[in-house]
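> start-v6.cif is reproduced in full below (mmCIF, C-alpha atoms).
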```cif
data_structure
#
loop_
_atom_site.label_atom_id
_atom_site.label_comp_id
_atom_site.auth_asym_id
_atom_site.auth_seq_id
_atom_site.Cartn_x
_atom_site.Cartn_y
_atom_site.Cartn_z
CA ILE A 29 42.33 136.01 127.34
CA THR A 30 44.41 138.79 128.85
CA LEU A 31 46.69 138.00 131.75
CA THR A 32 48.70 140.55 133.69
CA ILE A 33 51.72 139.16 135.55
CA GLN A 34 53.13 140.99 138.54
CA HIS A 35 56.88 140.49 138.70
CA LYS A 36 58.50 140.06 142.14
CA ASN A 37 60.86 142.92 141.60
CA SER A 38 58.46 145.09 139.66
CA LYS A 39 59.70 148.17 141.45
CA SER A 40 63.12 147.72 139.92
CA ILE A 41 61.78 147.17 136.37
CA PRO A 42 61.32 150.26 134.20
CA ASN A 43 57.74 151.07 133.22
CA ASN A 44 58.41 150.58 129.49
CA GLN A 45 59.79 147.08 130.19
CA LYS A 46 56.70 146.22 132.24
CA THR A 47 54.44 147.28 129.40
CA MET A 48 56.41 145.21 126.90
CA ASP A 49 56.21 142.08 129.13
CA ILE A 50 52.45 142.45 129.55
CA LYS A 51 51.95 142.87 125.80
CA THR A 52 54.11 139.85 125.04
CA THR A 53 52.19 137.73 127.54
CA THR A 54 48.88 138.89 126.08
CA VAL A 55 49.93 137.92 122.56
CA LEU A 56 51.17 134.50 123.67
CA PHE A 57 47.96 133.65 125.49
CA SER A 58 45.89 134.89 122.57
CA LEU A 59 47.78 132.54 120.26
CA LEU A 60 47.33 129.67 122.72
CA PHE A 61 43.59 130.34 122.93
CA THR A 62 43.30 130.36 119.13
CA PHE A 63 45.22 127.08 118.87
CA LEU A 64 43.08 125.36 121.50
CA THR A 65 39.85 126.61 119.96
CA THR A 66 40.90 125.43 116.49
CA SER A 67 42.01 122.03 117.81
CA LEU A 68 38.74 121.48 119.63
CA SER A 69 36.70 122.41 116.58
CA GLN A 70 38.74 120.05 114.38
CA LYS A 71 38.18 117.13 116.74
CA ASN A 72 34.59 116.78 115.56
CA ILE A 73 34.41 117.58 111.87
CA CYS A 74 32.14 114.67 110.94
CA ASN A 75 28.80 115.57 109.38
CA GLN A 76 26.01 114.72 111.82
CA ASP A 77 23.76 113.19 109.13
CA ASP A 78 26.59 110.91 108.04
CA LYS A 79 27.30 109.88 111.64
CA THR A 80 23.65 108.99 112.19
CA THR A 81 23.62 106.94 108.98
CA LEU A 82 26.83 105.12 109.88
CA LEU A 83 25.52 104.15 113.31
CA LYS A 84 22.43 102.71 111.59
CA ILE A 85 24.72 100.72 109.29
CA LYS A 86 26.62 99.39 112.29
CA LYS A 87 23.39 98.35 113.97
CA SER A 88 22.12 96.70 110.79
CA LEU A 89 25.32 94.61 110.71
CA ASN A 90 24.70 93.51 114.33
CA ASN A 91 27.28 95.84 115.89
CA PRO A 92 30.35 93.80 114.87
CA TYR A 93 33.64 94.10 116.73
CA HIS A 94 35.20 95.10 113.38
CA LEU A 95 33.39 98.43 113.78
CA ALA A 96 34.14 98.92 117.49
CA SER A 97 35.66 102.36 116.82
CA TRP A 98 32.28 103.58 115.57
CA HIS A 99 31.31 105.24 118.86
CA PRO A 100 28.70 108.02 118.94
CA GLU A 101 30.85 110.18 121.24
CA THR A 102 33.79 110.31 118.81
CA ASP A 103 34.35 111.98 115.47
CA CYS A 104 33.26 109.63 112.70
CA CYS A 105 36.02 110.89 110.40
CA SER A 106 38.46 109.10 112.73
CA TRP A 107 36.56 105.79 112.62
CA TYR A 108 38.05 102.63 111.16
CA CYS A 109 37.00 101.81 107.56
CA LEU A 110 36.12 105.42 106.74
CA GLU A 111 37.50 108.44 104.94
CA CYS A 112 36.08 111.95 104.94
CA GLY A 113 36.54 114.60 102.30
CA ASP A 114 38.06 118.01 102.92
CA ALA A 115 36.31 121.28 103.71
CA THR A 116 35.16 121.70 100.10
CA VAL A 117 32.62 118.91 100.68
CA ASN A 118 32.04 119.85 104.33
CA HIS A 119 33.98 116.80 105.52
CA ARG A 120 31.30 114.38 104.29
CA VAL A 121 32.11 110.65 104.26
CA THR A 122 33.65 109.82 100.86
CA ALA A 123 34.87 106.25 101.37
CA LEU A 124 33.47 103.22 103.19
CA THR A 125 35.72 100.14 103.05
CA ILE A 126 34.72 97.09 105.10
CA PHE A 127 37.23 94.31 104.54
CA SER A 128 37.91 90.88 106.07
CA GLY A 129 35.83 91.23 109.22
CA GLN A 130 33.55 88.82 111.07
CA ILE A 131 30.47 90.45 109.63
CA SER A 132 27.18 88.79 108.75
CA GLY A 133 23.91 89.96 107.29
CA GLN A 134 23.07 91.89 104.16
CA ILE A 135 24.34 95.16 102.74
CA PRO A 136 22.44 97.76 104.81
CA PRO A 137 20.06 99.94 102.78
CA GLU A 138 21.40 102.98 104.65
CA VAL A 139 24.57 102.93 102.52
CA GLY A 140 22.47 104.73 99.92
CA ASP A 141 22.17 107.70 102.29
CA LEU A 142 25.92 108.41 102.22
CA LEU A 143 25.44 110.61 99.18
CA TYR A 144 29.04 111.85 98.99
CA LEU A 145 30.56 108.37 98.76
CA GLU A 146 33.15 107.96 96.01
CA THR A 147 34.34 104.53 97.16
CA LEU A 148 32.20 101.69 98.51
CA ILE A 149 33.88 98.37 99.28
CA PHE A 150 32.56 95.24 100.97
CA ARG A 151 35.24 92.60 100.41
CA LYS A 152 36.21 89.19 101.80
CA LEU A 153 33.08 88.98 103.94
CA THR A 154 31.91 85.41 103.42
CA ASN A 155 28.85 85.84 105.65
CA LEU A 156 27.54 88.81 103.70
CA THR A 157 24.47 87.56 101.86
CA GLY A 158 21.43 88.75 99.95
CA GLN A 159 21.23 90.76 96.76
CA ILE A 160 23.09 93.90 95.75
CA GLN A 161 21.37 96.72 97.63
CA PRO A 162 19.12 98.85 95.32
CA THR A 163 19.79 102.03 97.32
CA ILE A 164 23.34 102.01 95.93
CA ALA A 165 21.75 103.63 92.87
CA ASN A 166 21.51 106.85 94.95
CA LEU A 167 25.32 107.17 95.10
CA LYS A 168 25.82 109.38 92.06
CA ASN A 169 29.38 110.36 93.07
CA LEU A 170 30.57 106.74 93.27
CA ARG A 171 33.78 105.99 91.37
CA THR A 172 34.70 102.62 92.86
CA LEU A 173 32.20 99.89 93.73
CA ARG A 174 33.77 96.68 94.93
CA LEU A 175 31.52 93.94 96.30
CA SER A 176 33.76 90.89 96.04
CA TRP A 177 34.58 87.66 97.88
CA THR A 178 31.16 87.60 99.55
CA ASN A 179 28.09 85.38 99.20
CA LEU A 180 25.92 87.87 97.38
CA THR A 181 23.26 86.28 95.18
CA GLY A 182 20.73 87.38 92.60
CA PRO A 183 21.38 89.23 89.33
CA VAL A 184 23.86 91.90 88.37
CA PRO A 185 21.40 94.79 88.73
CA ASP A 186 20.53 97.02 85.82
CA PHE A 187 20.47 100.10 88.08
CA LEU A 188 24.28 100.12 88.20
CA SER A 189 24.19 101.85 84.80
CA GLN A 190 22.85 104.95 86.60
CA LEU A 191 26.21 105.49 88.33
CA LYS A 192 27.68 107.65 85.60
CA ASN A 193 30.89 108.48 87.49
CA LEU A 194 31.75 104.82 88.08
CA GLN A 195 35.28 103.89 87.01
CA PHE A 196 35.87 100.54 88.72
CA LEU A 197 33.13 97.93 89.11
CA ASP A 198 34.18 94.68 90.80
CA LEU A 199 31.54 92.05 91.62
CA SER A 200 33.89 89.07 91.46
CA PHE A 201 33.91 85.97 93.70
CA ASN A 202 30.18 85.90 94.47
CA ASP A 203 27.17 83.72 93.58
CA LEU A 204 25.54 86.16 91.17
CA SER A 205 23.43 84.59 88.45
CA GLY A 206 21.45 85.52 85.37
CA SER A 207 22.67 87.42 82.34
CA ILE A 208 25.03 90.39 82.09
CA PRO A 209 23.01 93.62 81.75
CA THR A 210 23.51 95.27 78.37
CA SER A 211 23.18 98.66 80.08
CA LEU A 212 26.63 98.38 81.70
CA SER A 213 28.07 99.52 78.38
CA LEU A 214 26.42 102.92 78.98
CA LEU A 215 28.79 103.77 81.83
CA PRO A 216 30.82 106.63 80.29
CA ASN A 217 33.82 106.55 82.64
CA LEU A 218 34.25 102.82 83.21
CA LEU A 219 37.89 101.67 83.27
CA SER A 220 37.51 98.13 84.62
CA LEU A 221 34.63 95.65 84.83
CA ASP A 222 35.20 92.46 86.85
CA LEU A 223 32.34 89.93 86.95
CA SER A 224 34.58 86.89 87.21
CA ARG A 225 33.92 83.82 89.41
CA ASN A 226 30.14 83.98 89.54
CA LYS A 227 27.36 81.90 87.98
CA LEU A 228 26.46 84.24 85.15
CA SER A 229 24.98 82.72 82.02
CA GLY A 230 23.92 83.71 78.54
CA PRO A 231 25.97 85.59 75.94
CA ILE A 232 28.38 88.50 76.22
CA PRO A 233 26.18 91.53 75.39
CA GLU A 234 26.44 92.91 71.86
CA SER A 235 26.43 96.37 73.43
CA PHE A 236 29.89 95.69 74.89
CA GLY A 237 31.21 96.56 71.45
CA SER A 238 30.19 100.19 71.91
CA PHE A 239 31.50 101.58 75.18
CA PRO A 240 31.15 105.37 74.96
CA SER A 241 34.74 106.39 75.74
CA LYS A 242 37.81 104.47 76.91
CA VAL A 243 37.51 100.71 76.50
CA PRO A 244 37.47 99.09 79.96
CA ASP A 245 39.40 96.02 81.02
CA LEU A 246 36.95 93.10 80.91
CA TYR A 247 37.17 90.20 83.37
CA LEU A 248 34.37 87.67 82.79
CA SER A 249 36.20 84.44 83.62
CA ARG A 250 34.85 81.39 85.50
CA ASN A 251 31.18 81.86 84.74
CA GLN A 252 28.78 79.89 82.54
CA LEU A 253 28.70 82.30 79.62
CA SER A 254 27.82 80.77 76.26
CA GLY A 255 27.42 81.65 72.61
CA SER A 256 29.78 83.53 70.33
CA ILE A 257 31.79 86.66 71.02
CA PRO A 258 29.94 89.60 69.43
CA LYS A 259 31.73 90.77 66.29
CA SER A 260 31.38 94.35 67.55
CA LEU A 261 34.07 93.64 70.15
CA GLY A 262 36.52 93.39 67.28
CA ASN A 263 36.23 97.16 66.79
CA LEU A 264 37.64 97.86 70.24
CA ASP A 265 41.22 98.15 71.42
CA PHE A 266 41.17 96.43 74.80
CA ASN A 267 44.08 96.49 77.21
CA ARG A 268 43.07 93.34 79.11
CA ILE A 269 40.47 90.66 78.34
CA ASP A 270 39.81 87.54 80.40
CA PHE A 271 36.97 85.35 79.10
CA SER A 272 38.53 82.10 80.36
CA ARG A 273 36.66 79.09 81.79
CA ASN A 274 33.27 79.66 80.20
CA LYS A 275 31.32 77.87 77.48
CA LEU A 276 32.02 80.35 74.70
CA GLN A 277 32.39 79.08 71.16
CA GLY A 278 32.97 80.10 67.57
CA ASP A 279 35.45 82.67 66.30
CA ALA A 280 37.52 84.88 68.60
CA SER A 281 40.05 86.08 66.03
CA MET A 282 38.38 89.51 65.82
CA LEU A 283 39.81 90.36 69.24
CA PHE A 284 43.33 90.47 67.76
CA GLY A 285 45.01 92.84 65.33
CA ALA A 286 48.54 94.04 64.60
CA ASN A 287 47.56 97.69 65.14
CA LYS A 288 45.98 97.22 68.54
CA THR A 289 47.68 97.93 71.86
CA THR A 290 46.32 94.98 73.85
CA TRP A 291 48.51 93.69 76.68
CA SER A 292 46.69 90.59 77.94
CA VAL A 293 44.23 88.08 76.40
CA ASP A 294 43.01 84.94 78.20
CA LEU A 295 40.50 82.82 76.26
CA SER A 296 41.50 79.50 77.79
CA ARG A 297 39.15 76.59 78.58
CA ASN A 298 36.30 77.46 76.25
CA MET A 299 35.10 75.90 73.00
CA PHE A 300 36.49 78.36 70.47
CA GLN A 301 37.12 77.07 66.94
CA PHE A 302 38.93 79.23 64.42
CA ASN A 303 42.00 79.12 62.21
CA LEU A 304 45.03 80.74 63.82
CA SER A 305 47.18 80.81 60.67
CA LYS A 306 46.41 84.39 59.61
CA VAL A 307 45.78 85.92 63.00
CA GLU A 308 48.07 88.88 63.69
CA ILE A 309 48.59 89.85 67.30
CA PRO A 310 49.52 93.27 68.75
CA LYS A 311 53.20 94.04 69.14
CA THR A 312 52.37 95.07 72.71
CA LEU A 313 50.98 91.66 73.73
CA GLY A 314 52.59 90.30 76.89
CA ILE A 315 50.12 87.60 77.97
CA LEU A 316 48.32 85.16 75.65
CA ASP A 317 46.50 82.08 76.91
CA LEU A 318 44.47 80.01 74.41
CA ASN A 319 44.77 76.57 76.02
CA HIS A 320 41.95 73.97 75.98
CA ASN A 321 40.00 75.07 72.90
CA GLY A 322 39.54 73.70 69.40
CA ILE A 323 41.78 76.14 67.53
CA THR A 324 43.30 74.96 64.23
CA GLY A 325 46.01 76.11 61.81
CA ASN A 326 49.60 77.01 62.64
CA ILE A 327 51.39 79.64 64.69
CA PRO A 328 52.14 82.67 62.45
CA VAL A 329 55.71 83.93 62.04
CA GLN A 330 54.44 87.44 62.86
CA TRP A 331 54.12 86.33 66.48
CA LEU A 332 57.92 86.45 66.81
CA GLU A 333 57.66 90.25 66.98
CA THR A 334 55.78 90.36 70.28
CA PRO A 335 57.24 90.75 73.83
CA LEU A 336 55.36 87.75 75.22
CA GLN A 337 55.90 87.03 78.91
CA PHE A 338 53.30 84.29 79.27
CA PHE A 339 52.13 82.04 76.44
CA ASN A 340 50.03 78.88 76.25
CA VAL A 341 48.37 77.25 73.20
CA SER A 342 48.28 73.70 74.57
CA TYR A 343 45.28 71.35 74.14
CA ASN A 344 44.19 72.62 70.72
CA GLN A 345 44.31 71.27 67.14
CA LEU A 346 47.36 73.22 65.93
CA CYS A 347 49.83 71.87 63.35
CA GLY A 348 53.09 72.86 61.69
CA GLN A 349 56.45 74.08 62.90
CA ILE A 350 56.72 76.49 65.82
CA PRO A 351 58.41 79.63 64.40
CA ASN A 352 62.02 79.84 65.51
CA GLY A 353 63.18 83.02 67.23
CA GLY A 354 61.69 85.78 69.31
CA LYS A 355 60.09 84.73 72.56
CA LEU A 356 58.45 81.51 71.38
CA GLN A 357 61.38 79.26 72.32
CA THR A 358 61.61 80.71 75.82
CA PHE A 359 58.49 78.77 76.85
CA ASP A 360 58.67 75.08 77.74
CA SER A 361 56.81 72.22 76.09
CA TYR A 362 53.90 72.63 78.52
CA SER A 363 52.86 75.73 76.53
CA TYR A 364 52.53 73.69 73.32
CA PHE A 365 51.75 70.05 74.08
CA HIS A 366 48.53 68.13 73.26
CA ASN A 367 48.08 69.66 69.83
CA LYS A 368 47.39 67.79 66.62
CA CYS A 369 50.80 68.01 64.97
CA LEU A 370 52.85 70.93 66.28
CA CYS A 371 56.60 70.39 66.07
CA GLY A 372 59.91 72.13 66.54
CA ALA A 373 61.58 73.49 69.63
CA PRO A 374 60.69 73.19 72.43
CA LEU A 375 58.75 70.14 71.11
CA ASP A 376 60.25 67.31 69.09
CA SER A 377 61.82 68.15 65.72
CA CYS A 378 59.56 68.18 62.69
CA LYS A 379 59.76 65.06 60.53
#
```
Any chance you could give the structure as structure tokens?

Amino acid sequence: ITLTIQHKNSKSIPNNQKTMDIKTTTVLFSLLFTFLTTSLSQKNICNQDDKTTLLKIKKSLNNPYHLASWHPETDCCSWYCLECGDATVNHRVTALTIFSGQISGQIPPEVGDLLYLETLIFRKLTNLTGQIQPTIANLKNLRTLRLSWTNLTGPVPDFLSQLKNLQFLDLSFNDLSGSIPTSLSLLPNLLSLDLSRNKLSGPIPESFGSFPSKVPDLYLSRNQLSGSIPKSLGNLDFNRIDFSRNKLQGDASMLFGANKTTWSVDLSRNMFQFNLSKVEIPKTLGILDLNHNGITGNIPVQWLETPLQFFNVSYNQLCGQIPNGGKLQTFDSYSYFHNKCLCGAPLDSCK
């Protein structure tokens, strides 16, 4: 855009000054044109295929108010619940997070067409029903899959093992049933697996003792898991384990070890039976909950060396004096009571 401005007193302005004013005006309007053109082009960076897919997802979920910003005349990268990548991925949709809305129905199959997704979250949607959508297997770039606090039913699908980039898998607080797929141990980048608060049954897979790289945090609490802990899990150095409130039994001592770097272990409310007397725990252990089992023996002196912040061995069959020193006396009697013959502070003195 070139604009020539005629000054009122142009006769009194030297020719060289006129030329300079015209050039300056031309440059300014050129810059303004460039800015406006760039701004307009950036207002609609959403990929058209992704927008079409998202509108199908909205329709499949009965056009909920939660997704009111999903309007076909606006740029989908500005829509609520979404994130788009940068220019290196052509601004494709990389995150879909639908959380705490009045949404009913099933997970739309069209989610499997958002091929650039790295994060997929459906959470705290109590009217979301049905099984885990098989088309999710198409999402090879997925790093976080969180389908939690819903009413999803059916099994934990075996096809999840195809998502080789997956780092965080959270299927907690659902009504999933059946056994845990052994193939989940094939996920090479998994950092955390949360299957807690479902209706899963059967044993913990033996294959969980052979994760290919970093050992993930394992949350399997509040299910109906049974049988013994596979001995192969004793070869792993977990950071966090929660197997609480199941029907597990037998020996769990292999999960401990003085040379491990474990931070948290919760085995409470199971049916474990093993002798605690020679069990050495990591010097990094901050949380240990063994309450409501059938564990025997006494509490080892070695446990005084740990920085425990939470500790509970109540409702077992332990005996002997509670070692004096370290963190063990910082916990009240609730952490120790209902054992066979434990004594010493904070319980009554030994006779």
> For segment 205-238 of chain A versus segment 182-198 of chain A, which residues have an atom no more than 8 Å away, and what is each residue's nearest atom pair and distance in Å rounded to one decimal, using all atoms listed in the file, chain-then-number order, as a Markdown table?

```
| residue | atom | partner | partner_atom | distance |
| --- | --- | --- | --- | --- |
| A:Ser205 | CA | A:Pro183 | CA | 5.1 |
| A:Gly206 | CA | A:Pro183 | CA | 5.4 |
| A:Ser207 | CA | A:Pro183 | CA | 7.3 |
| A:Ile208 | CA | A:Val184 | CA | 6.6 |
| A:Pro209 | CA | A:Asp186 | CA | 5.9 |
| A:Ser211 | CA | A:Ser189 | CA | 5.8 |
| A:Leu212 | CA | A:Ser189 | CA | 5.3 |
| A:Ser213 | CA | A:Ser189 | CA | 7.9 |
| A:Leu214 | CA | A:Ser189 | CA | 6.3 |
| A:Leu215 | CA | A:Lys192 | CA | 5.5 |
| A:Pro216 | CA | A:Lys192 | CA | 6.3 |
| A:Asn217 | CA | A:Gln195 | CA | 5.3 |
| A:Leu218 | CA | A:Gln195 | CA | 4.1 |
| A:Leu219 | CA | A:Gln195 | CA | 5.1 |
| A:Ser220 | CA | A:Phe196 | CA | 5.0 |
| A:Leu221 | CA | A:Leu197 | CA | 5.1 |
| A:Asp222 | CA | A:Asp198 | CA | 4.6 |
| A:Leu223 | CA | A:Asp198 | CA | 6.4 |
```
> Name every residue that the PyMOL selection byres ((chain A and resi 307) around 9) selects in this structure, writing the answer as a ChimeraX atom specification with chains first and numbers rising.
/A:281-282,284-286,303-306,308-309,327-328,330
> Could you work out how far atom CA of Ile323 of chain A lies from atom CA of Phe365 of chain A, giving the answer in Å with one decimal?
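Between atom CA of Phe365 of chain A and atom CA of Ile323 of chain A the gap works out to 13.4 Å.
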> List the residues matched by the PyMOL selection byres ((chain A and resi 267) around 8) in the displayed structure as number ranges by chain, ordered by chain and then by residue number.
A: 243-245, 265-266, 268-269, 289-292
> Which residues are near Leu167 of chain A? Cut-off 10 Å, only C-alpha atoms, ignore same chain within fewer than 3 positions. Put them as a list of chain:residue names.
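Residues meeting the cut-off are A:Val139, A:Gly140, A:Asp141, A:Leu142, A:Leu143, A:Tyr144, A:Leu145, A:Glu146, A:Thr147, A:Leu148, A:Thr163, A:Ile164, A:Leu170, A:Arg171, A:Leu188, A:Gln190, A:Leu191, A:Lys192, A:Asn193, A:Leu194.
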> Taking the file as shown, find all residues satisfying the PyMOL selection byres ((chain A and resi 361) around 10) and write them as a PyMOL selection string.
chain A and resi 340+342+357-360+362-366+373-376
> Calculated over only C-alpha atoms, which of the candidates A:Thr181, A:Asn344, A:Gln277, A:Gln161 has the smallest distance to Pro137 of chain A?
A:Gln161
> So how many Å separate atom CA of Tyr247 of chain A and atom CA of Pro335 of chain A, to one decimal?
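Computing the Euclidean distance for atom CA of Tyr247 of chain A and atom CA of Pro335 of chain A yields 22.2 Å.
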> Neighbours of Lys275 of chain A within 10 Å (only C-alpha atoms; same-chain residues fewer than 5 positions away dropped), as a ChimeraX atom specification?
/A:229-231,250-256,297-300
